[in-house]
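Structure file upload_4.cif (mmCIF, N, CA and C atoms) follows.
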```cif
data_model
loop_
_atom_site.group_PDB
_atom_site.id
_atom_site.type_symbol
_atom_site.label_atom_id
_atom_site.label_comp_id
_atom_site.auth_asym_id
_atom_site.auth_seq_id
_atom_site.Cartn_x
_atom_site.Cartn_y
_atom_site.Cartn_z
ATOM 1 N N MET D 27 38.673 -8.061 -34.620
ATOM 2 C CA MET D 27 38.779 -9.470 -34.358
ATOM 3 C C MET D 27 38.587 -9.762 -32.870
ATOM 4 N N THR D 28 39.061 -8.926 -32.028
ATOM 5 C CA THR D 28 38.921 -9.141 -30.595
ATOM 6 C C THR D 28 37.450 -9.112 -30.165
ATOM 7 N N LEU D 29 36.658 -8.245 -30.788
ATOM 8 C CA LEU D 29 35.241 -8.161 -30.435
ATOM 9 C C LEU D 29 34.511 -9.445 -30.764
ATOM 10 N N THR D 30 34.832 -10.056 -31.888
ATOM 11 C CA THR D 30 34.153 -11.304 -32.252
ATOM 12 C C THR D 30 34.552 -12.433 -31.314
ATOM 13 N N VAL D 31 35.803 -12.448 -30.860
ATOM 14 C CA VAL D 31 36.253 -13.478 -29.918
ATOM 15 C C VAL D 31 35.551 -13.292 -28.580
ATOM 16 N N LEU D 32 35.466 -12.067 -28.106
ATOM 17 C CA LEU D 32 34.775 -11.792 -26.839
ATOM 18 C C LEU D 32 33.298 -12.124 -26.930
ATOM 19 N N ALA D 33 32.682 -11.805 -28.053
ATOM 20 C CA ALA D 33 31.265 -12.111 -28.247
ATOM 21 C C ALA D 33 31.045 -13.614 -28.267
ATOM 22 N N ALA D 34 31.936 -14.358 -28.890
ATOM 23 C CA ALA D 34 31.812 -15.810 -28.933
ATOM 24 C C ALA D 34 31.982 -16.409 -27.540
ATOM 25 N N GLN D 35 32.915 -15.873 -26.755
ATOM 26 C CA GLN D 35 33.124 -16.378 -25.400
ATOM 27 C C GLN D 35 31.916 -16.078 -24.516
ATOM 28 N N ALA D 36 31.350 -14.897 -24.651
ATOM 29 C CA ALA D 36 30.184 -14.520 -23.851
ATOM 30 C C ALA D 36 28.984 -15.367 -24.220
ATOM 31 N N ALA D 37 28.825 -15.662 -25.480
ATOM 32 C CA ALA D 37 27.688 -16.465 -25.918
ATOM 33 C C ALA D 37 27.852 -17.908 -25.486
ATOM 34 N N GLY D 38 29.059 -18.413 -25.467
ATOM 35 C CA GLY D 38 29.293 -19.806 -25.118
ATOM 36 C C GLY D 38 29.061 -20.095 -23.653
ATOM 37 N N GLY D 39 29.547 -19.288 -22.757
ATOM 38 C CA GLY D 39 29.427 -19.545 -21.322
ATOM 39 C C GLY D 39 28.393 -18.680 -20.656
ATOM 40 N N GLY D 40 27.518 -18.063 -21.418
ATOM 41 C CA GLY D 40 26.565 -17.111 -20.853
ATOM 42 C C GLY D 40 25.295 -17.715 -20.308
ATOM 43 N N GLY D 41 25.082 -19.021 -20.474
ATOM 44 C CA GLY D 41 23.832 -19.637 -20.025
ATOM 45 C C GLY D 41 23.631 -19.555 -18.530
ATOM 46 N N THR D 42 24.629 -19.987 -17.774
ATOM 47 C CA THR D 42 24.483 -19.968 -16.322
ATOM 48 C C THR D 42 24.596 -18.560 -15.769
ATOM 49 N N SER D 43 25.450 -17.755 -16.376
ATOM 50 C CA SER D 43 25.581 -16.390 -15.873
ATOM 51 C C SER D 43 24.307 -15.591 -16.148
ATOM 52 N N MET D 44 23.623 -15.906 -17.243
ATOM 53 C CA MET D 44 22.357 -15.227 -17.549
ATOM 54 C C MET D 44 21.279 -15.594 -16.529
ATOM 55 N N ILE D 45 21.233 -16.857 -16.140
ATOM 56 C CA ILE D 45 20.261 -17.295 -15.129
ATOM 57 C C ILE D 45 20.564 -16.637 -13.790
ATOM 58 N N ILE D 46 21.833 -16.603 -13.427
ATOM 59 C CA ILE D 46 22.222 -15.968 -12.165
ATOM 60 C C ILE D 46 21.864 -14.492 -12.187
ATOM 61 N N MET D 47 22.100 -13.839 -13.313
ATOM 62 C CA MET D 47 21.783 -12.419 -13.426
ATOM 63 C C MET D 47 20.272 -12.185 -13.316
ATOM 64 N N LEU D 48 19.466 -13.050 -13.905
ATOM 65 C CA LEU D 48 18.013 -12.927 -13.793
ATOM 66 C C LEU D 48 17.547 -13.108 -12.353
ATOM 67 N N VAL D 49 18.132 -14.072 -11.645
ATOM 68 C CA VAL D 49 17.778 -14.298 -10.239
ATOM 69 C C VAL D 49 18.148 -13.082 -9.403
ATOM 70 N N VAL D 50 19.322 -12.528 -9.644
ATOM 71 C CA VAL D 50 19.758 -11.339 -8.904
ATOM 72 C C VAL D 50 18.837 -10.159 -9.194
ATOM 73 N N MET D 51 18.444 -9.984 -10.450
ATOM 74 C CA MET D 51 17.532 -8.883 -10.807
ATOM 75 C C MET D 51 16.175 -9.056 -10.117
ATOM 76 N N PHE D 52 15.660 -10.284 -10.072
ATOM 77 C CA PHE D 52 14.391 -10.522 -9.392
ATOM 78 C C PHE D 52 14.520 -10.237 -7.902
ATOM 79 N N ALA D 53 15.638 -10.647 -7.293
ATOM 80 C CA ALA D 53 15.849 -10.385 -5.868
ATOM 81 C C ALA D 53 15.898 -8.890 -5.586
ATOM 82 N N ILE D 54 16.567 -8.150 -6.448
ATOM 83 C CA ILE D 54 16.644 -6.696 -6.275
ATOM 84 C C ILE D 54 15.251 -6.086 -6.392
ATOM 85 N N MET D 55 14.483 -6.518 -7.401
ATOM 86 C CA MET D 55 13.123 -5.985 -7.560
ATOM 87 C C MET D 55 12.271 -6.330 -6.354
ATOM 88 N N TYR D 56 12.413 -7.550 -5.811
ATOM 89 C CA TYR D 56 11.616 -7.963 -4.667
ATOM 90 C C TYR D 56 11.915 -7.089 -3.454
ATOM 91 N N PHE D 57 13.192 -6.896 -3.143
ATOM 92 C CA PHE D 57 13.547 -6.165 -1.929
ATOM 93 C C PHE D 57 13.356 -4.657 -2.041
ATOM 94 N N PHE D 58 13.389 -4.103 -3.249
ATOM 95 C CA PHE D 58 13.244 -2.658 -3.392
ATOM 96 C C PHE D 58 11.863 -2.215 -3.847
ATOM 97 N N MET D 59 11.052 -3.123 -4.398
ATOM 98 C CA MET D 59 9.746 -2.705 -4.912
ATOM 99 C C MET D 59 8.595 -3.501 -4.296
ATOM 100 N N ILE D 60 8.638 -4.808 -4.373
ATOM 101 C CA ILE D 60 7.501 -5.634 -3.969
ATOM 102 C C ILE D 60 7.353 -5.670 -2.453
ATOM 103 N N ARG D 61 8.425 -5.935 -1.730
ATOM 104 C CA ARG D 61 8.347 -6.055 -0.273
ATOM 105 C C ARG D 61 7.900 -4.759 0.404
ATOM 106 N N PRO D 62 8.444 -3.598 0.063
ATOM 107 C CA PRO D 62 7.957 -2.367 0.697
ATOM 108 C C PRO D 62 6.478 -2.102 0.405
ATOM 109 N N GLN D 63 6.018 -2.439 -0.797
ATOM 110 C CA GLN D 63 4.602 -2.238 -1.130
ATOM 111 C C GLN D 63 3.723 -3.156 -0.285
ATOM 112 N N GLN D 64 4.154 -4.390 -0.070
ATOM 113 C CA GLN D 64 3.396 -5.308 0.762
ATOM 114 C C GLN D 64 3.330 -4.821 2.201
ATOM 115 N N LYS D 65 4.434 -4.270 2.717
ATOM 116 C CA LYS D 65 4.447 -3.734 4.078
ATOM 117 C C LYS D 65 3.491 -2.557 4.204
ATOM 118 N N LYS D 66 3.465 -1.682 3.202
ATOM 119 C CA LYS D 66 2.576 -0.524 3.217
ATOM 120 C C LYS D 66 1.123 -0.975 3.193
ATOM 121 N N GLN D 67 0.790 -1.964 2.355
ATOM 122 C CA GLN D 67 -0.573 -2.480 2.292
ATOM 123 C C GLN D 67 -0.996 -3.099 3.625
ATOM 124 N N LYS D 68 -0.074 -3.779 4.293
ATOM 125 C CA LYS D 68 -0.378 -4.370 5.594
ATOM 126 C C LYS D 68 -0.666 -3.285 6.633
ATOM 127 N N GLU D 69 0.122 -2.204 6.616
ATOM 128 C CA GLU D 69 -0.117 -1.085 7.534
ATOM 129 C C GLU D 69 -1.490 -0.468 7.291
ATOM 130 N N ILE D 70 -1.853 -0.270 6.032
ATOM 131 C CA ILE D 70 -3.156 0.319 5.700
ATOM 132 C C ILE D 70 -4.284 -0.598 6.166
ATOM 133 N N ARG D 71 -4.149 -1.911 5.931
ATOM 134 C CA ARG D 71 -5.178 -2.870 6.336
ATOM 135 C C ARG D 71 -5.338 -2.871 7.858
ATOM 136 N N ASN D 72 -4.219 -2.820 8.600
ATOM 137 C CA ASN D 72 -4.290 -2.768 10.064
ATOM 138 C C ASN D 72 -4.974 -1.485 10.524
ATOM 139 N N PHE D 73 -4.682 -0.361 9.859
ATOM 140 C CA PHE D 73 -5.324 0.906 10.196
ATOM 141 C C PHE D 73 -6.833 0.830 9.956
ATOM 142 N N GLN D 74 -7.237 0.260 8.826
ATOM 143 C CA GLN D 74 -8.656 0.145 8.494
ATOM 144 C C GLN D 74 -9.391 -0.717 9.512
ATOM 145 N N ASN D 75 -8.751 -1.761 9.991
ATOM 146 C CA ASN D 75 -9.391 -2.654 10.955
ATOM 147 C C ASN D 75 -9.426 -2.083 12.367
ATOM 148 N N SER D 76 -8.646 -1.043 12.638
ATOM 149 C CA SER D 76 -8.605 -0.468 13.987
ATOM 150 C C SER D 76 -9.288 0.894 14.064
ATOM 151 N N LEU D 77 -10.176 1.185 13.121
ATOM 152 C CA LEU D 77 -10.874 2.479 13.144
ATOM 153 C C LEU D 77 -11.747 2.596 14.380
ATOM 154 N N LYS D 78 -11.778 3.802 14.953
ATOM 155 C CA LYS D 78 -12.573 4.069 16.153
ATOM 156 C C LYS D 78 -13.429 5.309 15.930
ATOM 157 N N VAL D 79 -14.513 5.389 16.658
ATOM 158 C CA VAL D 79 -15.386 6.561 16.599
ATOM 159 C C VAL D 79 -14.609 7.774 17.096
ATOM 160 N N GLY D 80 -14.735 8.892 16.375
ATOM 161 C CA GLY D 80 -14.058 10.127 16.739
ATOM 162 C C GLY D 80 -12.712 10.312 16.062
ATOM 163 N N GLN D 81 -12.243 9.301 15.356
ATOM 164 C CA GLN D 81 -10.949 9.380 14.681
ATOM 165 C C GLN D 81 -11.080 10.175 13.388
ATOM 166 N N LYS D 82 -10.128 11.054 13.124
ATOM 167 C CA LYS D 82 -10.132 11.841 11.891
ATOM 168 C C LYS D 82 -9.381 11.056 10.820
ATOM 169 N N ILE D 83 -10.002 10.963 9.621
ATOM 170 C CA ILE D 83 -9.455 10.119 8.566
ATOM 171 C C ILE D 83 -9.448 10.840 7.218
ATOM 172 N N VAL D 84 -8.746 10.229 6.252
ATOM 173 C CA VAL D 84 -8.734 10.696 4.875
ATOM 174 C C VAL D 84 -9.093 9.499 3.997
ATOM 175 N N THR D 85 -10.046 9.690 3.085
ATOM 176 C CA THR D 85 -10.434 8.611 2.180
ATOM 177 C C THR D 85 -9.530 8.601 0.952
ATOM 178 N N GLY D 86 -9.700 7.574 0.124
ATOM 179 C CA GLY D 86 -8.924 7.468 -1.101
ATOM 180 C C GLY D 86 -9.180 8.606 -2.060
ATOM 181 N N GLY D 87 -10.354 9.203 -1.995
ATOM 182 C CA GLY D 87 -10.693 10.326 -2.867
ATOM 183 C C GLY D 87 -10.257 11.667 -2.302
ATOM 184 N N GLY D 88 -9.629 11.656 -1.126
ATOM 185 C CA GLY D 88 -9.146 12.893 -0.535
ATOM 186 C C GLY D 88 -10.147 13.585 0.373
ATOM 187 N N VAL D 89 -11.244 12.918 0.708
ATOM 188 C CA VAL D 89 -12.254 13.501 1.592
ATOM 189 C C VAL D 89 -11.793 13.343 3.039
ATOM 190 N N HIS D 90 -11.766 14.465 3.756
ATOM 191 C CA HIS D 90 -11.392 14.454 5.170
ATOM 192 C C HIS D 90 -12.665 14.410 5.992
ATOM 193 N N GLY D 91 -12.638 13.664 7.097
ATOM 194 C CA GLY D 91 -13.802 13.598 7.956
ATOM 195 C C GLY D 91 -13.483 12.941 9.280
ATOM 196 N N GLU D 92 -14.542 12.776 10.070
ATOM 197 C CA GLU D 92 -14.415 12.160 11.387
ATOM 198 C C GLU D 92 -15.326 10.946 11.436
ATOM 199 N N VAL D 93 -14.809 9.837 11.937
ATOM 200 C CA VAL D 93 -15.581 8.600 12.019
ATOM 201 C C VAL D 93 -16.672 8.781 13.066
ATOM 202 N N LYS D 94 -17.916 8.506 12.657
ATOM 203 C CA LYS D 94 -19.048 8.619 13.575
ATOM 204 C C LYS D 94 -19.589 7.262 13.988
ATOM 205 N N LYS D 95 -19.455 6.266 13.093
ATOM 206 C CA LYS D 95 -19.974 4.938 13.410
ATOM 207 C C LYS D 95 -19.206 3.912 12.590
ATOM 208 N N VAL D 96 -18.810 2.827 13.263
ATOM 209 C CA VAL D 96 -18.134 1.726 12.586
ATOM 210 C C VAL D 96 -19.070 0.526 12.656
ATOM 211 N N GLU D 97 -19.481 0.018 11.510
ATOM 212 C CA GLU D 97 -20.374 -1.136 11.470
ATOM 213 C C GLU D 97 -19.537 -2.401 11.379
ATOM 214 N N LEU D 98 -19.742 -3.301 12.341
ATOM 215 C CA LEU D 98 -18.953 -4.515 12.381
ATOM 216 C C LEU D 98 -19.467 -5.559 11.390
ATOM 217 N N ALA D 99 -20.784 -5.617 11.182
ATOM 218 C CA ALA D 99 -21.359 -6.615 10.290
ATOM 219 C C ALA D 99 -21.049 -6.316 8.827
ATOM 220 N N GLU D 100 -20.937 -5.045 8.489
ATOM 221 C CA GLU D 100 -20.672 -4.644 7.110
ATOM 222 C C GLU D 100 -19.343 -3.882 7.055
ATOM 223 N N PRO D 101 -18.725 -3.842 5.888
ATOM 224 C CA PRO D 101 -17.453 -3.104 5.779
ATOM 225 C C PRO D 101 -17.675 -1.606 5.565
ATOM 226 N N LEU D 102 -18.631 -1.022 6.290
ATOM 227 C CA LEU D 102 -18.967 0.390 6.116
ATOM 228 C C LEU D 102 -18.618 1.195 7.357
ATOM 229 N N VAL D 103 -18.287 2.446 7.122
ATOM 230 C CA VAL D 103 -18.001 3.394 8.190
ATOM 231 C C VAL D 103 -18.780 4.660 7.872
ATOM 232 N N GLU D 104 -19.439 5.220 8.881
ATOM 233 C CA GLU D 104 -20.116 6.505 8.699
ATOM 234 C C GLU D 104 -19.124 7.605 9.058
ATOM 235 N N VAL D 105 -18.954 8.540 8.127
ATOM 236 C CA VAL D 105 -17.978 9.613 8.293
ATOM 237 C C VAL D 105 -18.688 10.948 8.182
ATOM 238 N N GLU D 106 -18.453 11.825 9.167
ATOM 239 C CA GLU D 106 -19.005 13.174 9.115
ATOM 240 C C GLU D 106 -17.997 14.067 8.411
ATOM 241 N N VAL D 107 -18.413 14.633 7.272
ATOM 242 C CA VAL D 107 -17.504 15.469 6.479
ATOM 243 C C VAL D 107 -17.739 16.953 6.727
ATOM 244 N N ALA D 108 -18.908 17.302 7.240
ATOM 245 C CA ALA D 108 -19.241 18.674 7.635
ATOM 246 C C ALA D 108 -20.302 18.552 8.723
ATOM 247 N N LYS D 109 -20.592 19.634 9.411
ATOM 248 C CA LYS D 109 -21.583 19.569 10.482
ATOM 249 C C LYS D 109 -22.908 19.064 9.934
ATOM 250 N N GLY D 110 -23.342 17.919 10.453
ATOM 251 C CA GLY D 110 -24.621 17.362 10.052
ATOM 252 C C GLY D 110 -24.596 16.580 8.746
ATOM 253 N N VAL D 111 -23.463 16.503 8.069
ATOM 254 C CA VAL D 111 -23.366 15.766 6.803
ATOM 255 C C VAL D 111 -22.577 14.486 7.061
ATOM 256 N N VAL D 112 -23.298 13.363 7.046
ATOM 257 C CA VAL D 112 -22.683 12.073 7.317
ATOM 258 C C VAL D 112 -22.799 11.212 6.060
ATOM 259 N N ILE D 113 -21.680 10.643 5.651
ATOM 260 C CA ILE D 113 -21.674 9.758 4.484
ATOM 261 C C ILE D 113 -21.184 8.381 4.918
ATOM 262 N N LYS D 114 -21.601 7.362 4.155
ATOM 263 C CA LYS D 114 -21.116 6.007 4.398
ATOM 264 C C LYS D 114 -19.983 5.726 3.414
ATOM 265 N N VAL D 115 -18.888 5.211 3.941
ATOM 266 C CA VAL D 115 -17.713 4.927 3.134
ATOM 267 C C VAL D 115 -17.265 3.505 3.455
ATOM 268 N N GLU D 116 -16.837 2.766 2.440
ATOM 269 C CA GLU D 116 -16.290 1.436 2.684
ATOM 270 C C GLU D 116 -14.927 1.565 3.361
ATOM 271 N N LYS D 117 -14.648 0.651 4.271
ATOM 272 C CA LYS D 117 -13.371 0.685 4.988
ATOM 273 C C LYS D 117 -12.184 0.629 4.031
ATOM 274 N N SER D 118 -12.337 -0.086 2.920
ATOM 275 C CA SER D 118 -11.218 -0.247 1.996
ATOM 276 C C SER D 118 -10.828 1.059 1.310
ATOM 277 N N TYR D 119 -11.670 2.104 1.397
ATOM 278 C CA TYR D 119 -11.353 3.395 0.791
ATOM 279 C C TYR D 119 -10.795 4.399 1.799
ATOM 280 N N ILE D 120 -10.590 3.961 3.031
ATOM 281 C CA ILE D 120 -9.984 4.819 4.041
ATOM 282 C C ILE D 120 -8.518 4.454 4.112
ATOM 283 N N PHE D 121 -7.633 5.451 3.839
ATOM 284 C CA PHE D 121 -6.218 5.142 3.721
ATOM 285 C C PHE D 121 -5.337 5.686 4.807
ATOM 286 N N ALA D 122 -5.737 6.730 5.501
ATOM 287 C CA ALA D 122 -4.815 7.301 6.474
ATOM 288 C C ALA D 122 -5.564 8.123 7.509
ATOM 289 N N ALA D 123 -4.876 8.360 8.606
ATOM 290 C CA ALA D 123 -5.392 9.288 9.600
ATOM 291 C C ALA D 123 -5.129 10.704 9.088
ATOM 292 N N ALA D 124 -6.070 11.580 9.331
ATOM 293 C CA ALA D 124 -5.905 12.968 8.882
ATOM 294 C C ALA D 124 -4.792 13.626 9.681
ATOM 295 N N PRO D 125 -3.972 14.434 9.036
ATOM 296 C CA PRO D 125 -2.912 15.124 9.770
ATOM 297 C C PRO D 125 -3.520 16.120 10.771
ATOM 298 N N GLU D 126 -2.844 16.270 11.897
ATOM 299 C CA GLU D 126 -3.310 17.209 12.919
ATOM 300 C C GLU D 126 -3.248 18.633 12.385
ATOM 301 N N GLN D 127 -4.327 19.390 12.575
ATOM 302 C CA GLN D 127 -4.369 20.783 12.137
ATOM 303 C C GLN D 127 -4.084 21.680 13.313
ATOM 304 N N LYS D 128 -3.364 22.749 13.062
ATOM 305 C CA LYS D 128 -2.992 23.685 14.134
ATOM 306 C C LYS D 128 -3.966 24.805 14.226
#
```
Rendering of file as structure tokens:
Amino acid sequence: MTLTVLAAQAAGGGGTSMIIMLVVMFAIMYFFMIRPQQKKQKEIRNFQNSLKVGQKIVTGGGVHGEVKKVELAEPLVEVEVAKGVVIKVEKSYIFAAAPEQK
């Protein structure tokens, strides 16, 4: 009998508490998932826009290389992946600076 009384009370006054709980859940998701992802995307975009000749980079496909030419008119970067092998890569596929090798 107590369970049915508690269930009836929860159902009766649960409208506003349910809305508050949904707002709190959205806030938690925003601060722990959405906001950090947006910050990471902003860092990547700033890195892509500040590419310089001679910089070592890693593409989205995992290709390591050195920037040989940055074209301002087009979103392309020429990357040397081996001696004498130069490929054109879109800036949007360059995600990070290559780690320093010892």
From the list D:Ala53, D:Val105, D:Val112, D:Ala99, which residue is nearest D:Ile83 when using only C-alpha atoms?
-> D:Val105
For the file shown, what are the residues hit by the PyMOL selection byres ((chain D and resi 94) around 7), laid out as an mmCIF file with N, CA and C atoms, in the frame of the given file?
```
data_model
loop_
_atom_site.group_PDB
_atom_site.id
_atom_site.type_symbol
_atom_site.label_atom_id
_atom_site.label_comp_id
_atom_site.auth_asym_id
_atom_site.auth_seq_id
_atom_site.Cartn_x
_atom_site.Cartn_y
_atom_site.Cartn_z
ATOM 1 N N LYS D 78 -11.778 3.802 14.953
ATOM 2 C CA LYS D 78 -12.573 4.069 16.153
ATOM 3 C C LYS D 78 -13.429 5.309 15.930
ATOM 4 N N VAL D 79 -14.513 5.389 16.658
ATOM 5 C CA VAL D 79 -15.386 6.561 16.599
ATOM 6 C C VAL D 79 -14.609 7.774 17.096
ATOM 7 N N GLY D 80 -14.735 8.892 16.375
ATOM 8 C CA GLY D 80 -14.058 10.127 16.739
ATOM 9 C C GLY D 80 -12.712 10.312 16.062
ATOM 10 N N GLN D 81 -12.243 9.301 15.356
ATOM 11 C CA GLN D 81 -10.949 9.380 14.681
ATOM 12 C C GLN D 81 -11.080 10.175 13.388
ATOM 13 N N GLU D 92 -14.542 12.776 10.070
ATOM 14 C CA GLU D 92 -14.415 12.160 11.387
ATOM 15 C C GLU D 92 -15.326 10.946 11.436
ATOM 16 N N VAL D 93 -14.809 9.837 11.937
ATOM 17 C CA VAL D 93 -15.581 8.600 12.019
ATOM 18 C C VAL D 93 -16.672 8.781 13.066
ATOM 19 N N LYS D 95 -19.455 6.266 13.093
ATOM 20 C CA LYS D 95 -19.974 4.938 13.410
ATOM 21 C C LYS D 95 -19.206 3.912 12.590
ATOM 22 N N VAL D 96 -18.810 2.827 13.263
ATOM 23 C CA VAL D 96 -18.134 1.726 12.586
ATOM 24 C C VAL D 96 -19.070 0.526 12.656
ATOM 25 N N VAL D 103 -18.287 2.446 7.122
ATOM 26 C CA VAL D 103 -18.001 3.394 8.190
ATOM 27 C C VAL D 103 -18.780 4.660 7.872
ATOM 28 N N GLU D 104 -19.439 5.220 8.881
ATOM 29 C CA GLU D 104 -20.116 6.505 8.699
ATOM 30 C C GLU D 104 -19.124 7.605 9.058
ATOM 31 N N VAL D 105 -18.954 8.540 8.127
ATOM 32 C CA VAL D 105 -17.978 9.613 8.293
ATOM 33 C C VAL D 105 -18.688 10.948 8.182
ATOM 34 N N GLU D 106 -18.453 11.825 9.167
ATOM 35 C CA GLU D 106 -19.005 13.174 9.115
ATOM 36 C C GLU D 106 -17.997 14.067 8.411
#
```
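Atom pair atom N of D:Glu116 / atom C of D:Leu102: separated by 5.5 Å.
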All helix (DSSP H, G or I) residues (DSSP, backbone) inside chain D, as a short mmCIF file (atom, residue, chain, number, x, y, z; two decimals) with N, CA and C atoms, keeping the file's coordinate frame:
```cif
data_model
loop_
_atom_site.label_atom_id
_atom_site.label_comp_id
_atom_site.auth_asym_id
_atom_site.auth_seq_id
_atom_site.Cartn_x
_atom_site.Cartn_y
_atom_site.Cartn_z
N THR D 28 39.06 -8.93 -32.03
CA THR D 28 38.92 -9.14 -30.60
C THR D 28 37.45 -9.11 -30.16
N LEU D 29 36.66 -8.24 -30.79
CA LEU D 29 35.24 -8.16 -30.44
C LEU D 29 34.51 -9.44 -30.76
N THR D 30 34.83 -10.06 -31.89
CA THR D 30 34.15 -11.30 -32.25
C THR D 30 34.55 -12.43 -31.31
N VAL D 31 35.80 -12.45 -30.86
CA VAL D 31 36.25 -13.48 -29.92
C VAL D 31 35.55 -13.29 -28.58
N LEU D 32 35.47 -12.07 -28.11
CA LEU D 32 34.78 -11.79 -26.84
C LEU D 32 33.30 -12.12 -26.93
N ALA D 33 32.68 -11.80 -28.05
CA ALA D 33 31.26 -12.11 -28.25
C ALA D 33 31.04 -13.61 -28.27
N ALA D 34 31.94 -14.36 -28.89
CA ALA D 34 31.81 -15.81 -28.93
C ALA D 34 31.98 -16.41 -27.54
N GLN D 35 32.92 -15.87 -26.76
CA GLN D 35 33.12 -16.38 -25.40
C GLN D 35 31.92 -16.08 -24.52
N ALA D 36 31.35 -14.90 -24.65
CA ALA D 36 30.18 -14.52 -23.85
C ALA D 36 28.98 -15.37 -24.22
N ALA D 37 28.82 -15.66 -25.48
CA ALA D 37 27.69 -16.46 -25.92
C ALA D 37 27.85 -17.91 -25.49
N GLY D 38 29.06 -18.41 -25.47
CA GLY D 38 29.29 -19.81 -25.12
C GLY D 38 29.06 -20.10 -23.65
N GLY D 40 27.52 -18.06 -21.42
CA GLY D 40 26.56 -17.11 -20.85
C GLY D 40 25.30 -17.72 -20.31
N GLY D 41 25.08 -19.02 -20.47
CA GLY D 41 23.83 -19.64 -20.02
C GLY D 41 23.63 -19.56 -18.53
N THR D 42 24.63 -19.99 -17.77
CA THR D 42 24.48 -19.97 -16.32
C THR D 42 24.60 -18.56 -15.77
N SER D 43 25.45 -17.76 -16.38
CA SER D 43 25.58 -16.39 -15.87
C SER D 43 24.31 -15.59 -16.15
N MET D 44 23.62 -15.91 -17.24
CA MET D 44 22.36 -15.23 -17.55
C MET D 44 21.28 -15.59 -16.53
N ILE D 45 21.23 -16.86 -16.14
CA ILE D 45 20.26 -17.30 -15.13
C ILE D 45 20.56 -16.64 -13.79
N ILE D 46 21.83 -16.60 -13.43
CA ILE D 46 22.22 -15.97 -12.16
C ILE D 46 21.86 -14.49 -12.19
N MET D 47 22.10 -13.84 -13.31
CA MET D 47 21.78 -12.42 -13.43
C MET D 47 20.27 -12.18 -13.32
N LEU D 48 19.47 -13.05 -13.90
CA LEU D 48 18.01 -12.93 -13.79
C LEU D 48 17.55 -13.11 -12.35
N VAL D 49 18.13 -14.07 -11.64
CA VAL D 49 17.78 -14.30 -10.24
C VAL D 49 18.15 -13.08 -9.40
N VAL D 50 19.32 -12.53 -9.64
CA VAL D 50 19.76 -11.34 -8.90
C VAL D 50 18.84 -10.16 -9.19
N MET D 51 18.44 -9.98 -10.45
CA MET D 51 17.53 -8.88 -10.81
C MET D 51 16.18 -9.06 -10.12
N PHE D 52 15.66 -10.28 -10.07
CA PHE D 52 14.39 -10.52 -9.39
C PHE D 52 14.52 -10.24 -7.90
N ALA D 53 15.64 -10.65 -7.29
CA ALA D 53 15.85 -10.38 -5.87
C ALA D 53 15.90 -8.89 -5.59
N ILE D 54 16.57 -8.15 -6.45
CA ILE D 54 16.64 -6.70 -6.28
C ILE D 54 15.25 -6.09 -6.39
N MET D 55 14.48 -6.52 -7.40
CA MET D 55 13.12 -5.98 -7.56
C MET D 55 12.27 -6.33 -6.35
N TYR D 56 12.41 -7.55 -5.81
CA TYR D 56 11.62 -7.96 -4.67
C TYR D 56 11.92 -7.09 -3.45
N PHE D 57 13.19 -6.90 -3.14
CA PHE D 57 13.55 -6.16 -1.93
C PHE D 57 13.36 -4.66 -2.04
N PHE D 58 13.39 -4.10 -3.25
CA PHE D 58 13.24 -2.66 -3.39
C PHE D 58 11.86 -2.22 -3.85
N MET D 59 11.05 -3.12 -4.40
CA MET D 59 9.75 -2.70 -4.91
C MET D 59 8.60 -3.50 -4.30
N ILE D 60 8.64 -4.81 -4.37
CA ILE D 60 7.50 -5.63 -3.97
C ILE D 60 7.35 -5.67 -2.45
N ARG D 61 8.43 -5.94 -1.73
CA ARG D 61 8.35 -6.06 -0.27
C ARG D 61 7.90 -4.76 0.40
N PRO D 62 8.44 -3.60 0.06
CA PRO D 62 7.96 -2.37 0.70
C PRO D 62 6.48 -2.10 0.40
N GLN D 63 6.02 -2.44 -0.80
CA GLN D 63 4.60 -2.24 -1.13
C GLN D 63 3.72 -3.16 -0.28
N GLN D 64 4.15 -4.39 -0.07
CA GLN D 64 3.40 -5.31 0.76
C GLN D 64 3.33 -4.82 2.20
N LYS D 65 4.43 -4.27 2.72
CA LYS D 65 4.45 -3.73 4.08
C LYS D 65 3.49 -2.56 4.20
N LYS D 66 3.46 -1.68 3.20
CA LYS D 66 2.58 -0.52 3.22
C LYS D 66 1.12 -0.98 3.19
N GLN D 67 0.79 -1.96 2.36
CA GLN D 67 -0.57 -2.48 2.29
C GLN D 67 -1.00 -3.10 3.62
N LYS D 68 -0.07 -3.78 4.29
CA LYS D 68 -0.38 -4.37 5.59
C LYS D 68 -0.67 -3.28 6.63
N GLU D 69 0.12 -2.20 6.62
CA GLU D 69 -0.12 -1.08 7.53
C GLU D 69 -1.49 -0.47 7.29
N ILE D 70 -1.85 -0.27 6.03
CA ILE D 70 -3.16 0.32 5.70
C ILE D 70 -4.28 -0.60 6.17
N ARG D 71 -4.15 -1.91 5.93
CA ARG D 71 -5.18 -2.87 6.34
C ARG D 71 -5.34 -2.87 7.86
N ASN D 72 -4.22 -2.82 8.60
CA ASN D 72 -4.29 -2.77 10.06
C ASN D 72 -4.97 -1.48 10.52
N PHE D 73 -4.68 -0.36 9.86
CA PHE D 73 -5.32 0.91 10.20
C PHE D 73 -6.83 0.83 9.96
N GLN D 74 -7.24 0.26 8.83
CA GLN D 74 -8.66 0.14 8.49
C GLN D 74 -9.39 -0.72 9.51
N ASN D 75 -8.75 -1.76 9.99
CA ASN D 75 -9.39 -2.65 10.96
C ASN D 75 -9.43 -2.08 12.37
N LYS D 117 -14.65 0.65 4.27
CA LYS D 117 -13.37 0.68 4.99
C LYS D 117 -12.18 0.63 4.03
N SER D 118 -12.34 -0.09 2.92
CA SER D 118 -11.22 -0.25 2.00
C SER D 118 -10.83 1.06 1.31
N TYR D 119 -11.67 2.10 1.40
CA TYR D 119 -11.35 3.40 0.79
C TYR D 119 -10.80 4.40 1.80
#
```
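One distance worth recording is that between atom N of D:Gly86 and atom CA of D:Phe121, which is 5.6 Å.
Here atom C of D:Phe57 and atom CA of D:Glu69 stand 16.9 Å from one another.
Those residues that approach D:Ala122 to within 8 Å, counting all atoms listed in the file, are D:Ile70, D:Phe73, D:Gln74, D:Lys82, D:Ile83, D:Val84, D:Thr85, D:Gly86; same-chain residues fewer than 5 positions away are not listed.
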